[in-house]
Amino acid sequence: MVGLRGRLFSSLRGYRAAWFRGDAIAGLTVWAVLVPEALAYATIAGVSPVVGLYAAPAALILYAALGSSKHLVTGPMAATAALSAAAVAEFATRGSNDFAALTVALALTTGIVAAVAGLLRLGFLAGFISEPVLKGFIVGLALTIIVGQLPKLFGIEGADGNFFEKLWDFVIGLGGTNGWTLLVGLSSLAIAVVLKRVAPVVPGSLVAVVFGILVVLLFGMDRKGVEIVGTIQGGLPTLGLPDVTLRDYLGLVPSAVGIALVGFAEGLGAAKTYAAKNHYEVDANRELLGLGAANFGAGFSGGMVVNGSLSKTAVNGGAGAKTELSGLVAAVLTIVTLLFLTGLFESLPEATLGAIVIAALIELVDIPSLVGFYRVWTRRLGSIYGPAARPDFIAALAALFGVLVFDTLPGLFIGIAVSLLLLLYRASRPNVAVLGRVPGARRHWGDVARHPENEQMPGVVVLRVESGLFFANADHVREAVERHTSEEGVHAVVLDAQTVPFVDVTASRMLDELRDALSGRGIAMFLARDVGQVRDVLRRSRPDDGAGEGRIFATVEEAVEAASQATPPQKEARP
């Protein structure tokens with residue numbers, strides 16, 4: 001506890017008075033963006049818009065207390081809001097009291113899961129969601145949410161289901177479009193999008209909110225069929241636990257794990273981005289603790305799941321924030337909003353809320369990044385790995401279409417599974433390159449396939465395995481070596497092990513068996529440049545007490561010279 005107490009509000013240590021102005025302005029700017037987005041993202045989660053505001057203050061304060069970033073802003077986000085809605089929909093009907101209570105319970109459960117993971121130092125788990133998988137997941141999620149918000153812009157009934165079901169229901173329902181709703185929605189969308197492009201320092205979402213409220217109040221749009229938010233309960237939320245059972249909490253655990261993983265990965269990416277820009281370090285395990293505390297605080301305040309936001313963190317950093325005091329300022333302003341300003345949002349059009357969500361998510365449909373993943377390919381990679389030569393692109397598409405077809409969490413885990421399978425496939429089929437001496441550089445050897453001018457030694461094949469050697473690829477490597485040594489006149493093979501960072505017992509014994517098999521064919525095998533841990537495993541795992549140690553050399557050149565001078569083993573007589 002003493003160590004934890006010493007880390008509380010670590011970003012405020014050594015605070016300088018000169019920083020206050022920047023932090024205060026940044027906090028005000030974050031508040032201007034956070035309030036309308038919190039209202040909008042709560043509707044994605046399927047609860048009252050005010051629930052998004054309930055979640056924000058505690059999340060901001062508790063993350064500032066336990067997190068390691070000086071700039072990260074936590075609050076309701078589109079991705080985790082959609083995950084929340086999908087998770088809770090399995091247990092309750094959207095719009096019911098049970099749905100609202102379970103949404104709060106999910107935030108609490110997510111907080112506990114993330115905090116326990118932080119205490120167990122499981123921050124490394126974020127590495128299992130690769131950037132392409134996260135990118136494909138976010139693109140798919142953004143498209144699904146955008147399609148789900150389109151009915152609000154057109155004043156028609158929305159529908160549940162996957163992306164394609166929502167899109168189809170939207171298309172067939174266009175005949176019922178309310179013209180006034182469409183006008184308000186498109187105008188709000190134009191304001192939010194245009195201001196973000198031409199005046200990024202102006203909080204376009206807040207301007208759109210003000211516009212929508214004024215239009216309703218001045219022209220009575222609610223009497224013309226434009227749906228508005230309606231009554232919002234003012235004041236601070238009631239602190240405490242929701243009225244749900246232990247069984248409900250346990251049922252939410254699997255979804256909480258997925259939400260915590262997504263929220264952690266997204267928040268950690270944002271935190272690292274601004275830590276690098278400002279030359280300080282973030283601690284992945286403390287980020288988990290901060291995320292856990294933020295979610296538990298949000299749930300205890302009657303709010304929804306939260307996570308670190310890249311867009312709001314960008315606003316925070318761009319406005320001049322130096323420490324998490326900016327988040328504390330935004331928290332205080334959000335409390336003021338709950339106490340005195342909620343009545344203003346009762347006339348907010350639903351179409352404007354939908355427009356704010358769409359404007360925020362348009363930039364997340366990052367097609368250029370997907371194209372960039374596709375372009376990471378060469379003929380050489382294609383010849384080595386075949387269809388798996390574009391693993392990042394394939395994993396991103398798997399996550400994207402997994403979300404579009406199978407929903408959010410299944411889509412994420414489909415992307416992770418495909419990414420890991422591609423990794424295993426590529427690891428099981430490492431490139432075994434044939435090396436030749438680089439002309440004019442006696443001690444340098446390079447890939448003959450890439451540089452045909454490299455000189456091969458008569459009767460000696462030099463091979464480089466470009467991977468660790470383990471049970472999954474041992475047979476593939478053995479087959480490759482046997483294939484390259486099957487040519488007439490070959491009497492020795494040298495394995496350059498510099499690019500073999502590790503070896504396991506299966507691969508070590510394969511090398512012994514391969515050495516014996518080649519010896520039976522009159523071919524000697526030599527090993528060059530084995531790294532320390534590879535050498536250790538080879539020595540410890542040999543059943544013959546180190547036979548063959550005399551054929552291990554410090555350089556490829558030495559091994560080739562020894563192979564050139566060695567007497568070929570006698571071939572085994574055929575019966």
# chains A, B, ... in the order shown; residues from 1 in each chain; ligands from 1
>>> residues_around(residues="range 363-379 of chain A", least_positions_apart="2", cutoff="6 Å", atoms="only C-alpha atoms", output="tab-separated table (two decimals) with all heavy atoms, in the first residue's frame")
chain	number	residue	atom	x	y	z
A	139	VAL	N	-12.17	-0.52	-37.78
A	139	VAL	CA	-12.85	-0.17	-39.03
A	139	VAL	C	-14.20	-0.87	-39.12
A	139	VAL	O	-15.22	-0.25	-39.44
A	139	VAL	CB	-11.98	-0.52	-40.25
A	139	VAL	CG1	-12.77	-0.38	-41.55
A	139	VAL	CG2	-10.74	0.37	-40.30
A	361	LEU	N	-16.59	8.95	-36.01
A	361	LEU	CA	-16.16	7.63	-36.47
A	361	LEU	C	-15.70	7.62	-37.92
A	361	LEU	O	-15.03	6.68	-38.34
A	361	LEU	CB	-17.31	6.63	-36.31
A	361	LEU	CG	-17.72	6.32	-34.87
A	361	LEU	CD1	-18.89	5.36	-34.86
A	361	LEU	CD2	-16.56	5.74	-34.09
A	381	LEU	N	8.60	-12.84	-50.86
A	381	LEU	CA	7.75	-13.26	-49.75
A	381	LEU	C	6.66	-14.21	-50.23
A	381	LEU	O	6.32	-15.19	-49.56
A	381	LEU	CB	7.12	-12.04	-49.07
A	381	LEU	CG	8.06	-11.17	-48.22
A	381	LEU	CD1	7.33	-9.90	-47.78
A	381	LEU	CD2	8.56	-11.94	-47.02
A	382	GLY	N	6.12	-13.90	-51.41
A	382	GLY	CA	5.08	-14.76	-51.96
A	382	GLY	C	5.59	-16.15	-52.25
A	382	GLY	O	4.88	-17.15	-52.05
A	392	ASP	N	-0.59	-9.43	-42.25
A	392	ASP	CA	-1.22	-8.28	-41.61
A	392	ASP	C	-2.53	-7.92	-42.30
A	392	ASP	O	-3.53	-7.62	-41.64
A	392	ASP	CB	-0.26	-7.09	-41.62
A	392	ASP	CG	0.97	-7.36	-40.78
A	392	ASP	OD1	0.86	-8.09	-39.78
A	392	ASP	OD2	2.05	-6.84	-41.13
A	393	PHE	N	-2.51	-7.93	-43.62
A	393	PHE	CA	-3.72	-7.60	-44.37
A	393	PHE	C	-4.81	-8.65	-44.13
A	393	PHE	O	-5.98	-8.30	-43.90
A	393	PHE	CB	-3.39	-7.53	-45.86
A	393	PHE	CG	-4.57	-7.24	-46.75
A	393	PHE	CD1	-5.19	-6.01	-46.74
A	393	PHE	CD2	-5.08	-8.23	-47.59
A	393	PHE	CE1	-6.29	-5.74	-47.55
A	393	PHE	CE2	-6.17	-7.98	-48.40
A	393	PHE	CZ	-6.78	-6.73	-48.38
>>> residues_around(residues="range 71-76 of chain A", least_positions_apart="6", cutoff="8 Å", atoms="only C-alpha atoms", output="number ranges by chain")
A: 34, 37-38, 41-42, 52, 55-56, 59-60, 63, 267, 270-271, 274-275, 294, 304-310, 312-313, 316-317, 321-324, 327
>>> write_last_selection(atoms="N, CA and C atoms", output="mmCIF file, in the first residue's frame")
data_model
loop_
_atom_site.group_PDB
_atom_site.id
_atom_site.type_symbol
_atom_site.label_atom_id
_atom_site.label_comp_id
_atom_site.auth_asym_id
_atom_site.auth_seq_id
_atom_site.Cartn_x
_atom_site.Cartn_y
_atom_site.Cartn_z
ATOM 1 N N LEU A 34 -15.898 16.205 -24.642
ATOM 2 C CA LEU A 34 -16.337 15.032 -23.889
ATOM 3 C C LEU A 34 -17.848 15.012 -23.671
ATOM 4 N N GLU A 37 -19.933 13.982 -26.755
ATOM 5 C CA GLU A 37 -19.596 12.616 -27.149
ATOM 6 C C GLU A 37 -20.053 11.609 -26.104
ATOM 7 N N ALA A 38 -19.969 11.970 -24.825
ATOM 8 C CA ALA A 38 -20.450 11.070 -23.776
ATOM 9 C C ALA A 38 -21.946 10.832 -23.917
ATOM 10 N N TYR A 41 -22.295 8.517 -27.070
ATOM 11 C CA TYR A 41 -21.827 7.141 -26.909
ATOM 12 C C TYR A 41 -22.701 6.350 -25.943
ATOM 13 N N ALA A 42 -23.346 7.039 -25.020
ATOM 14 C CA ALA A 42 -24.289 6.340 -24.143
ATOM 15 C C ALA A 42 -25.450 5.769 -24.945
ATOM 16 N N GLY A 52 -23.630 8.472 -19.844
ATOM 17 C CA GLY A 52 -22.291 8.796 -20.311
ATOM 18 C C GLY A 52 -21.644 9.883 -19.457
ATOM 19 N N ALA A 55 -20.492 8.539 -16.051
ATOM 20 C CA ALA A 55 -19.255 7.745 -16.077
ATOM 21 C C ALA A 55 -18.004 8.606 -16.070
ATOM 22 N N ALA A 56 -18.089 9.819 -16.620
ATOM 23 C CA ALA A 56 -16.880 10.586 -16.913
ATOM 24 C C ALA A 56 -16.108 11.088 -15.685
ATOM 25 N N ALA A 59 -14.150 8.381 -13.756
ATOM 26 C CA ALA A 59 -13.143 7.798 -14.631
ATOM 27 C C ALA A 59 -11.933 8.715 -14.774
ATOM 28 N N LEU A 60 -12.189 10.001 -14.971
ATOM 29 C CA LEU A 60 -11.098 10.962 -15.136
ATOM 30 C C LEU A 60 -10.264 11.093 -13.859
ATOM 31 N N TYR A 63 -8.403 7.588 -13.011
ATOM 32 C CA TYR A 63 -7.280 7.319 -13.914
ATOM 33 C C TYR A 63 -6.119 8.253 -13.587
ATOM 34 N N GLY A 267 -6.331 2.336 -25.349
ATOM 35 C CA GLY A 267 -5.818 3.354 -24.437
ATOM 36 C C GLY A 267 -4.307 3.348 -24.339
ATOM 37 N N ALA A 270 -2.798 5.086 -27.330
ATOM 38 C CA ALA A 270 -2.875 6.546 -27.203
ATOM 39 C C ALA A 270 -1.864 7.061 -26.191
ATOM 40 N N ALA A 271 -1.750 6.365 -25.048
ATOM 41 C CA ALA A 271 -0.817 6.796 -24.009
ATOM 42 C C ALA A 271 0.620 6.759 -24.508
ATOM 43 N N TYR A 274 1.573 9.714 -26.999
ATOM 44 C CA TYR A 274 1.870 11.027 -26.415
ATOM 45 C C TYR A 274 3.023 10.976 -25.426
ATOM 46 N N ALA A 275 3.301 9.805 -24.871
ATOM 47 C CA ALA A 275 4.492 9.662 -24.041
ATOM 48 C C ALA A 275 5.744 9.817 -24.900
ATOM 49 N N ALA A 294 -10.769 3.339 -13.288
ATOM 50 C CA ALA A 294 -11.685 4.216 -14.021
ATOM 51 C C ALA A 294 -13.021 3.525 -14.275
ATOM 52 N N MET A 304 -21.212 3.873 -17.449
ATOM 53 C CA MET A 304 -20.975 2.790 -18.392
ATOM 54 C C MET A 304 -19.473 2.528 -18.508
ATOM 55 N N VAL A 305 -19.104 1.546 -19.317
ATOM 56 C CA VAL A 305 -17.684 1.233 -19.480
ATOM 57 C C VAL A 305 -16.956 2.410 -20.135
ATOM 58 N N VAL A 306 -15.693 2.562 -19.764
ATOM 59 C CA VAL A 306 -14.863 3.654 -20.278
ATOM 60 C C VAL A 306 -13.510 3.085 -20.690
ATOM 61 N N ASN A 307 -12.779 3.858 -21.443
ATOM 62 C CA ASN A 307 -11.387 3.518 -21.767
ATOM 63 C C ASN A 307 -10.675 4.762 -22.267
ATOM 64 N N GLY A 308 -9.372 4.645 -22.460
ATOM 65 C CA GLY A 308 -8.611 5.771 -22.956
ATOM 66 C C GLY A 308 -8.988 6.108 -24.387
ATOM 67 N N SER A 309 -9.061 7.390 -24.672
ATOM 68 C CA SER A 309 -9.514 7.853 -25.983
ATOM 69 C C SER A 309 -8.368 8.525 -26.730
ATOM 70 N N LEU A 310 -8.055 8.010 -27.930
ATOM 71 C CA LEU A 310 -7.012 8.630 -28.739
ATOM 72 C C LEU A 310 -7.432 10.021 -29.203
ATOM 73 N N LYS A 312 -9.698 12.207 -27.894
ATOM 74 C CA LYS A 312 -9.738 13.209 -26.819
ATOM 75 C C LYS A 312 -8.341 13.448 -26.232
ATOM 76 N N THR A 313 -7.492 12.421 -26.244
ATOM 77 C CA THR A 313 -6.114 12.620 -25.805
ATOM 78 C C THR A 313 -5.386 13.559 -26.767
ATOM 79 N N ASN A 316 -6.473 16.946 -25.925
ATOM 80 C CA ASN A 316 -5.837 17.336 -24.671
ATOM 81 C C ASN A 316 -4.389 17.786 -24.907
ATOM 82 N N GLY A 317 -3.631 16.953 -25.619
ATOM 83 C CA GLY A 317 -2.245 17.301 -25.892
ATOM 84 C C GLY A 317 -2.115 18.531 -26.775
ATOM 85 N N ALA A 321 -1.881 20.531 -22.651
ATOM 86 C CA ALA A 321 -1.843 19.853 -21.354
ATOM 87 C C ALA A 321 -0.426 19.416 -21.024
ATOM 88 N N LYS A 322 -0.064 19.559 -19.749
ATOM 89 C CA LYS A 322 1.233 19.101 -19.267
ATOM 90 C C LYS A 322 1.094 17.914 -18.324
ATOM 91 N N THR A 323 -0.025 17.846 -17.603
ATOM 92 C CA THR A 323 -0.241 16.782 -16.624
ATOM 93 C C THR A 323 -1.713 16.379 -16.627
ATOM 94 N N GLU A 324 -2.037 15.404 -15.765
ATOM 95 C CA GLU A 324 -3.420 14.950 -15.641
ATOM 96 C C GLU A 324 -4.317 15.952 -14.908
ATOM 97 N N GLY A 327 -7.301 16.574 -16.929
ATOM 98 C CA GLY A 327 -8.401 15.640 -16.749
ATOM 99 C C GLY A 327 -9.222 15.961 -15.520
#
>>> closest_residue(among="A:Leu338, A:Ala260, A:Leu511, A:Leu183", to="Leu39 in chain A", atoms="only C-alpha atoms")
A:Leu338
>>> select_by_dssp(residues="range 48-252 of chain A", states="strand (DSSP E or B)", output="PyMOL selection string")
chain A and resi 73-75+228
>>> write_last_selection(atoms="N, CA and C atoms", output="mmCIF file, in the first residue's frame")
data_model
loop_
_atom_site.group_PDB
_atom_site.id
_atom_site.type_symbol
_atom_site.label_atom_id
_atom_site.label_comp_id
_atom_site.auth_asym_id
_atom_site.auth_seq_id
_atom_site.Cartn_x
_atom_site.Cartn_y
_atom_site.Cartn_z
ATOM 1 N N VAL A 73 -6.836 10.743 -21.786
ATOM 2 C CA VAL A 73 -8.170 11.114 -21.337
ATOM 3 C C VAL A 73 -9.059 9.883 -21.388
ATOM 4 N N THR A 74 -9.682 9.535 -20.284
ATOM 5 C CA THR A 74 -10.584 8.391 -20.240
ATOM 6 C C THR A 74 -12.027 8.862 -20.252
ATOM 7 N N GLY A 75 -12.876 8.034 -20.793
ATOM 8 C CA GLY A 75 -14.298 8.344 -20.841
ATOM 9 C C GLY A 75 -15.013 7.350 -21.735
ATOM 10 N N ILE A 228 -36.311 14.128 -29.968
ATOM 11 C CA ILE A 228 -35.334 14.776 -29.097
ATOM 12 C C ILE A 228 -35.009 13.855 -27.920
#
>>> closest_residue(among="A:Ala58, A:Leu423, A:Leu412, A:Ala562", to="Tyr385 in chain A", atoms="only C-alpha atoms")
A:Leu423
>>> closest_residue(among="A:Gly402, A:Gly320, A:Gly386, A:Gly263", to="Gly111 in chain A", atoms="only C-alpha atoms")
A:Gly263
>>> residues_around(residues="Ala449 in chain A", least_positions_apart="3", cutoff="8 Å", atoms="only C-alpha atoms", output="PyMOL selection string")
chain A and resi 433-434+452
>>> closest_residue(among="A:Leu174, A:Val47, A:Ala554, A:Ile416", to="Thr93 in chain A", atoms="only C-alpha atoms")
A:Val47
>>> closest_atom_pairs(of="range 271-349 of chain A", to="range 238-247 of chain A", cutoff="9 Å", atoms="only C-alpha atoms", output="tab-separated table")
residue	atom	partner	partner_atom	distance
A:Gly299	CA	A:Leu241	CA	7.7
A:Phe300	CA	A:Gly240	CA	5.2
A:Ser301	CA	A:Leu239	CA	4.9
A:Gly302	CA	A:Leu239	CA	6.8
>>> closest_residue(among="A:Gly155, A:Gly140, A:Pro36, A:Gly127", to="Ser205 in chain A", atoms="only C-alpha atoms")
A:Pro36
>>> residues_around(residues="Ala82 in chain A", least_positions_apart="5", cutoff="8 Å", atoms="only C-alpha atoms", output="number ranges by chain")
A: 44-45, 141, 145, 408
>>> closest_residue(among="A:Ile362, A:Val133, A:Val537, A:Val262", to="Ala192 in chain A", atoms="only C-alpha atoms")
A:Ile362
>>> residues_around(residues="Phe163 in chain A", least_positions_apart="5", cutoff="7 Å", atoms="only C-alpha atoms", output="list in words")
Thr144, Val147, Leu404 and Val405 of chain A
>>> write_last_selection(atoms="N, CA, C and O atoms", output="PDB file, in the first residue's frame")
ATOM      1  N   THR A 144     -20.111  -0.562 -38.567  1.00  0.00           N
ATOM      2  CA  THR A 144     -21.332  -1.093 -37.955  1.00  0.00           C
ATOM      3  C   THR A 144     -22.066  -0.016 -37.172  1.00  0.00           C
ATOM      4  O   THR A 144     -23.305   0.106 -37.259  1.00  0.00           O
ATOM      5  N   VAL A 147     -23.659   2.640 -39.578  1.00  0.00           N
ATOM      6  CA  VAL A 147     -24.905   2.143 -40.172  1.00  0.00           C
ATOM      7  C   VAL A 147     -26.028   2.148 -39.133  1.00  0.00           C
ATOM      8  O   VAL A 147     -27.181   2.455 -39.449  1.00  0.00           O
ATOM      9  N   LEU A 404     -18.272  -7.317 -38.905  1.00  0.00           N
ATOM     10  CA  LEU A 404     -19.427  -7.029 -39.765  1.00  0.00           C
ATOM     11  C   LEU A 404     -20.431  -8.176 -39.784  1.00  0.00           C
ATOM     12  O   LEU A 404     -21.645  -7.948 -39.850  1.00  0.00           O
ATOM     13  N   VAL A 405     -19.938  -9.410 -39.711  1.00  0.00           N
ATOM     14  CA  VAL A 405     -20.822 -10.568 -39.854  1.00  0.00           C
ATOM     15  C   VAL A 405     -21.234 -11.163 -38.507  1.00  0.00           C
ATOM     16  O   VAL A 405     -22.396 -11.482 -38.285  1.00  0.00           O
TER      17      VAL A 405
END
>>> select_by_dssp(residues="range 346-397 of chain A", states="alpha helix (DSSP H)", output="count of residues only")
36
>>> atom_distance(atom1="CA of Ser84 in chain A", atom2="CA of Thr103 in chain A")
6.8 Å
>>> residues_around(residues="Thr342 in chain A", least_positions_apart="3", cutoff="9 Å", atoms="only C-alpha atoms", output="MDAnalysis selection string")
chainID A and resid 50 232:235 337:339 345:346
